>>> print(open('protein_16.pdb').read())   # PDB, C-alpha atoms
ATOM      1  CA  MET Z  20     -20.381  30.817 153.134
ATOM      2  CA  MET Z  21     -20.689  28.845 156.383
ATOM      3  CA  TYR Z  22     -24.078  30.314 157.314
ATOM      4  CA  GLU Z  23     -25.420  29.657 153.828
ATOM      5  CA  VAL Z  24     -24.414  25.994 153.973
ATOM      6  CA  VAL Z  25     -25.809  25.493 157.493
ATOM      7  CA  GLY Z  26     -29.012  27.306 156.511
ATOM      8  CA  GLY Z  27     -29.389  25.141 153.411
ATOM      9  CA  VAL Z  28     -28.799  21.983 155.446
ATOM     10  CA  LEU Z  29     -31.542  23.039 157.882
ATOM     11  CA  ILE Z  30     -33.942  23.685 154.994
ATOM     12  CA  GLY Z  31     -33.110  20.272 153.523
ATOM     13  CA  LEU Z  32     -33.670  18.602 156.902
ATOM     14  CA  ALA Z  33     -36.968  20.484 157.344
ATOM     15  CA  ALA Z  34     -38.172  19.237 153.955
ATOM     16  CA  THR Z  35     -37.016  15.723 154.864
ATOM     17  CA  LEU Z  36     -38.823  15.784 158.207
ATOM     18  CA  LEU Z  37     -42.108  16.874 156.589
ATOM     19  CA  TRP Z  38     -41.783  14.285 153.823
ATOM     20  CA  PHE Z  39     -40.945  11.390 156.179
ATOM     21  CA  SER Z  40     -43.556  12.286 158.783
ATOM     22  CA  VAL Z  41     -46.640  13.359 156.822
ATOM     23  CA  GLY Z  42     -45.601  12.754 153.209
ATOM     24  CA  ARG Z  43     -45.940  16.362 152.098
ATOM     25  CA  ILE Z  44     -43.736  18.564 149.930
ATOM     26  CA  SER Z  45     -42.668  21.667 151.874
ATOM     27  CA  GLY Z  46     -43.710  24.225 149.315
ATOM     28  CA  MET Z  47     -44.590  27.711 150.486
ATOM     29  CA  THR Z  48     -47.035  28.303 147.632
ATOM     30  CA  GLY Z  49     -49.147  25.403 148.865
ATOM     31  CA  VAL Z  50     -48.887  26.758 152.407
ATOM     32  CA  VAL Z  51     -50.126  30.177 151.254
ATOM     33  CA  SER Z  52     -53.061  28.640 149.380
ATOM     34  CA  SER Z  53     -53.928  26.459 152.356
ATOM     35  CA  VAL Z  54     -54.558  29.555 154.469
ATOM     36  CA  PHE Z  55     -57.760  29.915 152.463
ATOM     37  CA  MET Z  56     -58.925  26.390 153.160
ATOM     38  CA  LEU Z  57     -60.262  27.195 156.579
ATOM     39  CA  ARG Z  58     -62.295  24.031 157.039
ATOM     40  CA  ASP Z  59     -60.699  21.836 159.682
ATOM     41  CA  VAL Z  60     -57.669  24.092 159.572
ATOM     42  CA  GLN Z  61     -56.061  22.798 162.779
ATOM     43  CA  ARG Z  62     -55.985  19.286 161.313
ATOM     44  CA  HIS Z  63     -54.091  20.461 158.288
ATOM     45  CA  TRP Z  64     -50.298  19.962 158.256
ATOM     46  CA  ALA Z  65     -49.820  23.356 156.578
ATOM     47  CA  PHE Z  66     -51.332  25.171 159.561
ATOM     48  CA  TRP Z  67     -48.715  23.710 161.921
ATOM     49  CA  PHE Z  68     -45.904  24.147 159.424
ATOM     50  CA  LEU Z  69     -46.839  27.821 158.962
ATOM     51  CA  LEU Z  70     -47.078  28.332 162.729
ATOM     52  CA  GLY Z  71     -43.591  26.880 163.222
ATOM     53  CA  LEU Z  72     -42.255  28.968 160.358
ATOM     54  CA  VAL Z  73     -43.509  32.360 161.563
ATOM     55  CA  LEU Z  74     -42.580  31.706 165.200
ATOM     56  CA  THR Z  75     -38.949  31.277 164.158
ATOM     57  CA  TYR Z  76     -38.453  35.028 163.819
ATOM     58  CA  PRO Z  77     -39.220  36.028 167.425
ATOM     59  CA  LEU Z  78     -37.493  32.865 168.628
ATOM     60  CA  ALA Z  79     -34.315  33.683 166.700
ATOM     61  CA  GLN Z  80     -34.410  37.223 168.086
ATOM     62  CA  TRP Z  81     -34.777  35.843 171.585
ATOM     63  CA  PHE Z  82     -31.703  33.672 170.967
ATOM     64  CA  GLY Z  83     -29.824  36.806 169.930
ATOM     65  CA  LEU Z  84     -29.478  36.060 166.201
ATOM     66  CA  GLU Z  85     -28.885  39.217 164.234
ATOM     67  CA  ILE Z  86     -31.552  39.446 161.549
ATOM     68  CA  SER Z  87     -31.474  42.090 158.840
ATOM     69  CA  ILE Z  88     -34.272  42.980 156.445
ATOM     70  CA  GLN Z  89     -32.919  45.429 153.874
ATOM     71  CA  MET Z  90     -35.282  46.269 151.048
ATOM     72  CA  THR Z  91     -36.783  49.012 148.943
ATOM     73  CA  ASP Z  92     -39.127  51.551 150.551
ATOM     74  CA  ASP Z  93     -41.091  51.995 147.332
ATOM     75  CA  TYR Z  94     -44.612  50.823 148.263
ATOM     76  CA  GLY Z  95     -45.725  50.765 144.622
ATOM     77  CA  LEU Z  96     -42.859  48.431 143.727
ATOM     78  CA  ILE Z  97     -43.563  46.201 146.733
ATOM     79  CA  LEU Z  98     -47.263  46.014 145.841
ATOM     80  CA  ALA Z  99     -46.495  45.094 142.223
ATOM     81  CA  ALA Z 100     -43.926  42.496 143.303
ATOM     82  CA  GLY Z 101     -46.310  40.900 145.809
ATOM     83  CA  LEU Z 102     -49.087  40.640 143.218
ATOM     84  CA  LEU Z 103     -46.709  39.161 140.608
ATOM     85  CA  VAL Z 104     -45.347  36.622 143.097
ATOM     86  CA  GLY Z 105     -48.857  35.721 144.316
ATOM     87  CA  ILE Z 106     -50.289  35.234 140.830
ATOM     88  CA  GLY Z 107     -47.157  33.639 139.354
ATOM     89  CA  THR Z 108     -46.662  31.064 142.106
ATOM     90  CA  TYR Z 109     -50.342  30.114 142.014
ATOM     91  CA  LEU Z 110     -50.288  29.615 138.234
ATOM     92  CA  GLY Z 111     -46.972  27.759 138.337
ATOM     93  CA  ASN Z 112     -47.996  25.701 141.396
ATOM     94  CA  GLY Z 113     -44.791  26.437 143.259
ATOM     95  CA  CYS Z 114     -41.937  28.739 144.117
ATOM     96  CA  THR Z 115     -38.354  28.586 145.372
ATOM     97  CA  SER Z 116     -39.176  25.919 147.969
ATOM     98  CA  GLY Z 117     -41.600  23.608 146.164
ATOM     99  CA  HIS Z 118     -40.008  23.755 142.709
ATOM    100  CA  GLY Z 119     -36.532  25.121 143.510
ATOM    101  CA  VAL Z 120     -35.617  22.830 146.407
ATOM    102  CA  CYS Z 121     -38.052  19.897 146.594
ATOM    103  CA  GLY Z 122     -38.897  19.508 142.902
ATOM    104  CA  THR Z 123     -35.306  19.884 141.773
ATOM    105  CA  ALA Z 124     -34.202  17.334 144.376
ATOM    106  CA  ARG Z 125     -36.860  14.908 143.106
ATOM    107  CA  LEU Z 126     -35.445  15.487 139.591
ATOM    108  CA  SER Z 127     -38.912  16.547 138.415
ATOM    109  CA  PRO Z 128     -38.482  17.961 134.875
ATOM    110  CA  ARG Z 129     -41.432  20.300 135.487
ATOM    111  CA  SER Z 130     -39.814  21.781 138.597
ATOM    112  CA  ILE Z 131     -36.367  22.023 137.030
ATOM    113  CA  VAL Z 132     -37.800  23.944 134.069
ATOM    114  CA  ALA Z 133     -39.831  26.244 136.364
ATOM    115  CA  THR Z 134     -36.741  26.882 138.533
ATOM    116  CA  CYS Z 135     -34.540  27.738 135.546
ATOM    117  CA  VAL Z 136     -37.222  30.080 134.213
ATOM    118  CA  PHE Z 137     -37.862  32.004 137.429
ATOM    119  CA  ILE Z 138     -34.166  32.353 138.239
ATOM    120  CA  ALA Z 139     -33.403  33.533 134.681
ATOM    121  CA  VAL Z 140     -36.290  36.019 134.751
ATOM    122  CA  GLY Z 141     -35.229  37.193 138.218
ATOM    123  CA  VAL Z 142     -31.673  37.780 136.969
ATOM    124  CA  LEU Z 143     -32.986  39.666 133.913
ATOM    125  CA  THR Z 144     -35.331  41.759 136.050
ATOM    126  CA  VAL Z 145     -32.511  42.853 138.350
ATOM    127  CA  ALA Z 146     -30.222  43.567 135.374
ATOM    128  CA  LEU Z 147     -32.952  45.590 133.652
ATOM    129  CA  MET Z 148     -33.680  47.608 136.805
ATOM    130  CA  ASN Z 149     -29.973  48.342 137.239
ATOM    131  CA  ALA Z 150     -29.735  49.469 133.621
ATOM    132  CA  LEU Z 151     -32.820  51.699 133.886
ATOM    133  CA  PHE Z 152     -32.471  53.093 137.397
ATOM    134  CA  GLY Z 153     -28.784  52.613 138.124
ATOM    135  CA  GLY Z 154     -29.460  50.035 140.813
ATOM    136  CA  GLY Z 155     -31.046  52.615 143.080
ATOM    137  CA  ALA Z 156     -34.456  50.969 143.239
TER     138      ALA Z 156
ATOM    139  CA  MET C  19     -50.219  10.352 171.328
ATOM    140  CA  ASN C  20     -52.022   9.392 168.171
ATOM    141  CA  ARG C  21     -50.698   9.619 164.644
ATOM    142  CA  ALA C  22     -52.511  12.859 163.768
ATOM    143  CA  VAL C  23     -51.055  14.668 166.779
ATOM    144  CA  LEU C  24     -47.532  13.395 166.081
ATOM    145  CA  GLY C  25     -47.888  14.450 162.446
ATOM    146  CA  SER C  26     -48.908  17.956 163.540
ATOM    147  CA  VAL C  27     -46.030  18.215 166.016
ATOM    148  CA  LEU C  28     -43.487  17.184 163.382
ATOM    149  CA  SER C  29     -45.039  19.586 160.840
ATOM    150  CA  LEU C  30     -44.581  22.373 163.382
ATOM    151  CA  MET C  31     -40.956  21.344 163.927
ATOM    152  CA  SER C  32     -40.362  21.186 160.186
ATOM    153  CA  GLY C  33     -41.724  24.717 159.771
ATOM    154  CA  ALA C  34     -39.459  25.952 162.562
ATOM    155  CA  LEU C  35     -36.404  24.234 161.041
ATOM    156  CA  PHE C  36     -37.244  25.687 157.644
ATOM    157  CA  GLY C  37     -37.577  29.167 159.152
ATOM    158  CA  ALA C  38     -34.279  28.796 161.017
ATOM    159  CA  GLY C  39     -32.585  27.849 157.748
ATOM    160  CA  LEU C  40     -34.001  30.889 155.965
ATOM    161  CA  LEU C  41     -32.982  33.270 158.742
ATOM    162  CA  LEU C  42     -29.512  31.783 159.290
ATOM    163  CA  SER C  43     -28.639  31.761 155.585
ATOM    164  CA  GLY C  44     -29.847  35.319 155.031
ATOM    165  CA  MET C  45     -32.430  34.210 152.453
ATOM    166  CA  ASN C  46     -34.924  36.336 154.404
ATOM    167  CA  ASN C  47     -32.985  39.499 153.539
ATOM    168  CA  PRO C  48     -34.355  40.855 150.219
ATOM    169  CA  GLU C  49     -31.240  42.865 149.293
ATOM    170  CA  LYS C  50     -29.061  39.774 149.748
ATOM    171  CA  VAL C  51     -31.363  37.856 147.412
ATOM    172  CA  ARG C  52     -31.267  40.665 144.848
ATOM    173  CA  ALA C  53     -27.453  40.697 145.050
ATOM    174  CA  PHE C  54     -27.562  36.955 144.329
ATOM    175  CA  LEU C  55     -29.709  37.643 141.250
ATOM    176  CA  ASP C  56     -27.422  40.506 140.154
ATOM    177  CA  VAL C  57     -25.297  38.200 138.012
ATOM    178  CA  PHE C  58     -24.322  40.971 135.573
ATOM    179  CA  GLY C  59     -23.533  43.482 138.321
ATOM    180  CA  ALA C  60     -22.133  43.208 141.858
ATOM    181  CA  TRP C  61     -22.917  39.487 141.991
ATOM    182  CA  GLN C  62     -22.855  37.785 145.399
ATOM    183  CA  PRO C  63     -23.191  34.077 144.616
ATOM    184  CA  ALA C  64     -23.115  32.780 148.220
ATOM    185  CA  LEU C  65     -26.825  31.899 148.257
ATOM    186  CA  ILE C  66     -26.128  29.142 145.721
ATOM    187  CA  ALA C  67     -24.824  27.184 148.715
ATOM    188  CA  VAL C  68     -28.266  27.352 150.377
ATOM    189  CA  MET C  69     -30.018  25.801 147.438
ATOM    190  CA  ALA C  70     -27.248  23.296 146.695
ATOM    191  CA  SER C  71     -27.121  21.895 150.228
ATOM    192  CA  ALA C  72     -30.904  21.837 150.617
ATOM    193  CA  VAL C  73     -31.335  20.054 147.269
ATOM    194  CA  LEU C  74     -28.595  17.551 148.115
ATOM    195  CA  ILE C  75     -30.159  16.610 151.448
ATOM    196  CA  PHE C  76     -33.734  16.407 150.238
ATOM    197  CA  GLY C  77     -32.554  14.515 147.145
ATOM    198  CA  LEU C  78     -31.006  11.830 149.366
ATOM    199  CA  ALA C  79     -34.086  11.776 151.604
ATOM    200  CA  PHE C  80     -36.422  11.440 148.648
ATOM    201  CA  ALA C  81     -34.375   8.560 147.236
ATOM    202  CA  LEU C  82     -34.427   6.850 150.654
ATOM    203  CA  SER C  83     -38.190   7.312 150.910
ATOM    204  CA  GLN C  84     -38.670   5.138 147.802
ATOM    205  CA  ARG C  85     -38.012   2.186 150.088
ATOM    206  CA  MET C  86     -40.709   3.236 152.575
ATOM    207  CA  ASP C  87     -44.314   2.046 152.101
ATOM    208  CA  LYS C  88     -45.728   5.237 153.540
ATOM    209  CA  PRO C  89     -44.757   8.173 155.785
ATOM    210  CA  TRP C  90     -44.522   7.658 159.551
ATOM    211  CA  PHE C  91     -47.791   9.411 160.377
ATOM    212  CA  ALA C  92     -49.814   9.521 157.171
ATOM    213  CA  ASP C  93     -51.345   7.037 154.763
ATOM    214  CA  ARG C  94     -49.334   7.914 151.690
ATOM    215  CA  PHE C  95     -46.680  10.123 150.166
ATOM    216  CA  HIS C  96     -48.337  13.016 148.339
ATOM    217  CA  VAL C  97     -46.125  13.138 145.263
ATOM    218  CA  PRO C  98     -47.099  16.164 143.141
ATOM    219  CA  SER C  99     -49.458  14.884 140.453
ATOM    220  CA  LEU C 100     -48.805  17.517 137.782
ATOM    221  CA  LEU C 101     -46.114  16.406 135.363
ATOM    222  CA  GLY C 102     -46.573  18.384 132.163
ATOM    223  CA  ILE C 103     -44.586  21.434 131.187
ATOM    224  CA  ASP C 104     -47.309  23.699 129.851
ATOM    225  CA  ARG C 105     -47.874  27.363 129.172
ATOM    226  CA  ARG C 106     -49.491  27.879 132.564
ATOM    227  CA  LEU C 107     -46.329  26.659 134.352
ATOM    228  CA  LEU C 108     -44.036  28.785 132.189
ATOM    229  CA  PHE C 109     -46.207  31.910 132.423
ATOM    230  CA  GLY C 110     -46.440  31.495 136.195
ATOM    231  CA  ALA C 111     -42.666  31.065 136.527
ATOM    232  CA  VAL C 112     -42.070  34.200 134.424
ATOM    233  CA  LEU C 113     -44.430  36.330 136.560
ATOM    234  CA  PHE C 114     -42.909  34.927 139.741
ATOM    235  CA  GLY C 115     -39.378  35.630 138.516
ATOM    236  CA  MET C 116     -40.296  39.225 137.729
ATOM    237  CA  GLY C 117     -41.821  39.823 141.171
ATOM    238  CA  TRP C 118     -38.894  38.056 142.865
ATOM    239  CA  GLY C 119     -36.378  40.233 141.034
ATOM    240  CA  LEU C 120     -38.262  43.466 141.719
ATOM    241  CA  VAL C 121     -37.818  43.395 145.512
ATOM    242  CA  GLY C 122     -36.022  40.133 146.330
ATOM    243  CA  LEU C 123     -38.832  38.409 148.201
ATOM    244  CA  CYS C 124     -40.369  35.005 147.537
ATOM    245  CA  PRO C 125     -43.145  33.430 149.657
ATOM    246  CA  GLY C 126     -41.042  31.580 152.290
ATOM    247  CA  PRO C 127     -38.804  34.500 153.304
ATOM    248  CA  ALA C 128     -41.794  36.867 153.311
ATOM    249  CA  LEU C 129     -43.671  34.533 155.676
ATOM    250  CA  VAL C 130     -40.706  34.006 157.988
ATOM    251  CA  ASN C 131     -40.361  37.819 158.247
ATOM    252  CA  LEU C 132     -44.052  38.265 159.162
ATOM    253  CA  LEU C 133     -43.523  38.809 162.882
ATOM    254  CA  SER C 134     -40.918  41.494 162.265
ATOM    255  CA  PHE C 135     -44.054  43.621 161.622
ATOM    256  CA  ASP C 136     -41.990  45.573 159.079
ATOM    257  CA  HIS C 137     -44.620  47.494 157.074
ATOM    258  CA  ARG C 138     -42.950  46.626 153.779
ATOM    259  CA  ILE C 139     -43.105  42.897 154.556
ATOM    260  CA  LEU C 140     -46.757  43.169 155.603
ATOM    261  CA  LEU C 141     -47.624  45.032 152.392
ATOM    262  CA  PHE C 142     -45.813  42.420 150.296
ATOM    263  CA  LEU C 143     -47.624  39.577 152.055
ATOM    264  CA  LEU C 144     -50.983  41.301 151.627
ATOM    265  CA  ALA C 145     -50.328  41.720 147.884
ATOM    266  CA  LEU C 146     -49.086  38.105 147.704
ATOM    267  CA  PHE C 147     -52.321  36.796 149.232
ATOM    268  CA  VAL C 148     -54.443  39.052 146.994
ATOM    269  CA  GLY C 149     -52.507  37.804 143.948
ATOM    270  CA  ASN C 150     -53.028  34.209 145.061
ATOM    271  CA  ARG C 151     -56.790  34.788 145.271
ATOM    272  CA  ILE C 152     -56.941  36.665 141.953
ATOM    273  CA  ALA C 153     -55.265  33.719 140.229
ATOM    274  CA  HIS C 154     -57.541  31.324 142.109
ATOM    275  CA  GLY C 155     -60.565  33.294 140.901
ATOM    276  CA  VAL C 156     -59.373  33.307 137.300
ATOM    277  CA  VAL C 157     -58.095  29.754 136.813
ATOM    278  CA  GLY C 158     -59.922  27.869 139.568
ATOM    279  CA  PRO C 159     -58.688  25.631 142.403
ATOM    280  CA  ALA C 160     -54.995  24.792 142.659
ATOM    281  CA  LYS C 161     -54.065  21.464 141.180
TER     282      LYS C 161
END
>>> encode(input="protein_16.pdb", output="structure tokens")
Amino acid sequence: MMYEVVGGVLIGLAATLLWFSVGRISGMTGVVSSVFMLRDVQRHWAFWFLLGLVLTYPLAQWFGLEISIQMTDDYGLILAAGLLVGIGTYLGNGCTSGHGVCGTARLSPRSIVATCVFIAVGVLTVALMNALFGGGA
Amino acid sequence: MNRAVLGSVLSLMSGALFGAGLLLSGMNNPEKVRAFLDVFGAWQPALIAVMASAVLIFGLAFALSQRMDKPWFADRFHVPSLLGIDRRLLFGAVLFGMGWGLVGLCPGPALVNLLSFDHRILLFLLALFVGNRIAHGVVGPAK
């Protein structure tokens, strides 16, 4: 549980730093969309945020942190999931970070509803897959 | 250093802190996330602690920021302007929840895993970006 708490604290501090410094909500959906706003990209906060985010992986490796990525090898499933997440987060204007962490912390009813819905649907999806495929997906 | 440069530097640091939090907590590991969502099976609830501590800290920070006129290096706080709970929000959250449950990846963890160059992560990110553009094409610019 220790790593989860420390990780959550870091995420909370990251969101705080972005909010206090440039007044932006650290939502990954917005960051993804901003990749397509190429005009003046280097002046955009999301460009620097994204750069810092992706550089963490090699940096953590260099520091010797053990990182595991365990997931399905089913390319069809991955493709479907990526499309659903891309479309869904765009339509809902947010994901786990923007709605789940920042919006919930701001007590935004919109974000709290979105968070409850995507967690509930996520739970149902996993339960349904386990029932249909015996958890071997 | 001027305000714009300082803002960019702190945005970079915020992204790095966010990434460190995702990696340290194990949120970047799709099977761990799926185990967290497996409430009716072999449930591993530990990831609740990630969300709870992040929400607690940003909740305090947001409350504190109500006493600030503006951010340190920008002209105003960009509070999300959408307030309504409409069908678009609910439909989006349902689609997102389905995709999240299918493989256990949401946008942040997928992005932080980018430089692992794992083919599965790259495929997911490609599909995520395509999905983002499909939705953009259908419903117009993000609000």
>>> closest_residue(input="protein_16.pdb", among="C:Ile139, C:Met86, C:Leu123, C:Leu133", to="C:Arg52", atoms="all atoms listed in the file")
C:Leu123
>>> residues_around(input="protein_16.pdb", residues="Z:Leu103", least_positions_apart="2", cutoff="10 Å", atoms="all atoms listed in the file", output="list in words")
Ile97, Leu98, Ala99, Ala100, Gly101, Gly105, Ile106, Gly107, Thr108 and Tyr109 of chain Z; Gly110, Ala111, Val112, Leu113, Phe114, Gly115, Met116, Gly117, Trp118, Leu120, Ala145, Leu146, Gly149 and Asn150 of chain C
>>> resolve_selection(input="protein_16.pdb", expression="the PyMOL selection byres ((chain C and resi 134) around 10)", output="list of chain:residue names")
Z:Val73, Z:Tyr76, Z:Pro77, Z:Gln80, Z:Ile86, Z:Ile88, C:Leu129, C:Val130, C:Asn131, C:Leu132, C:Leu133, C:Phe135, C:Asp136, C:His137, C:Ile139, C:Leu140
>>> closest_residue(input="protein_16.pdb", among="C:Asp104, C:Ala53, C:Trp61, C:Trp90", to="chain Z", atoms="all atoms listed in the file")
C:Trp90
>>> residues_around(input="protein_16.pdb", residues="Z:Leu84", least_positions_apart="6", cutoff="12 Å", atoms="all atoms listed in the file", output="list in words")
Tyr22, Thr75, Tyr76, Pro77 and Leu78 of chain Z; Ala38, Leu41, Leu42, Ser43 and Gly44 of chain C
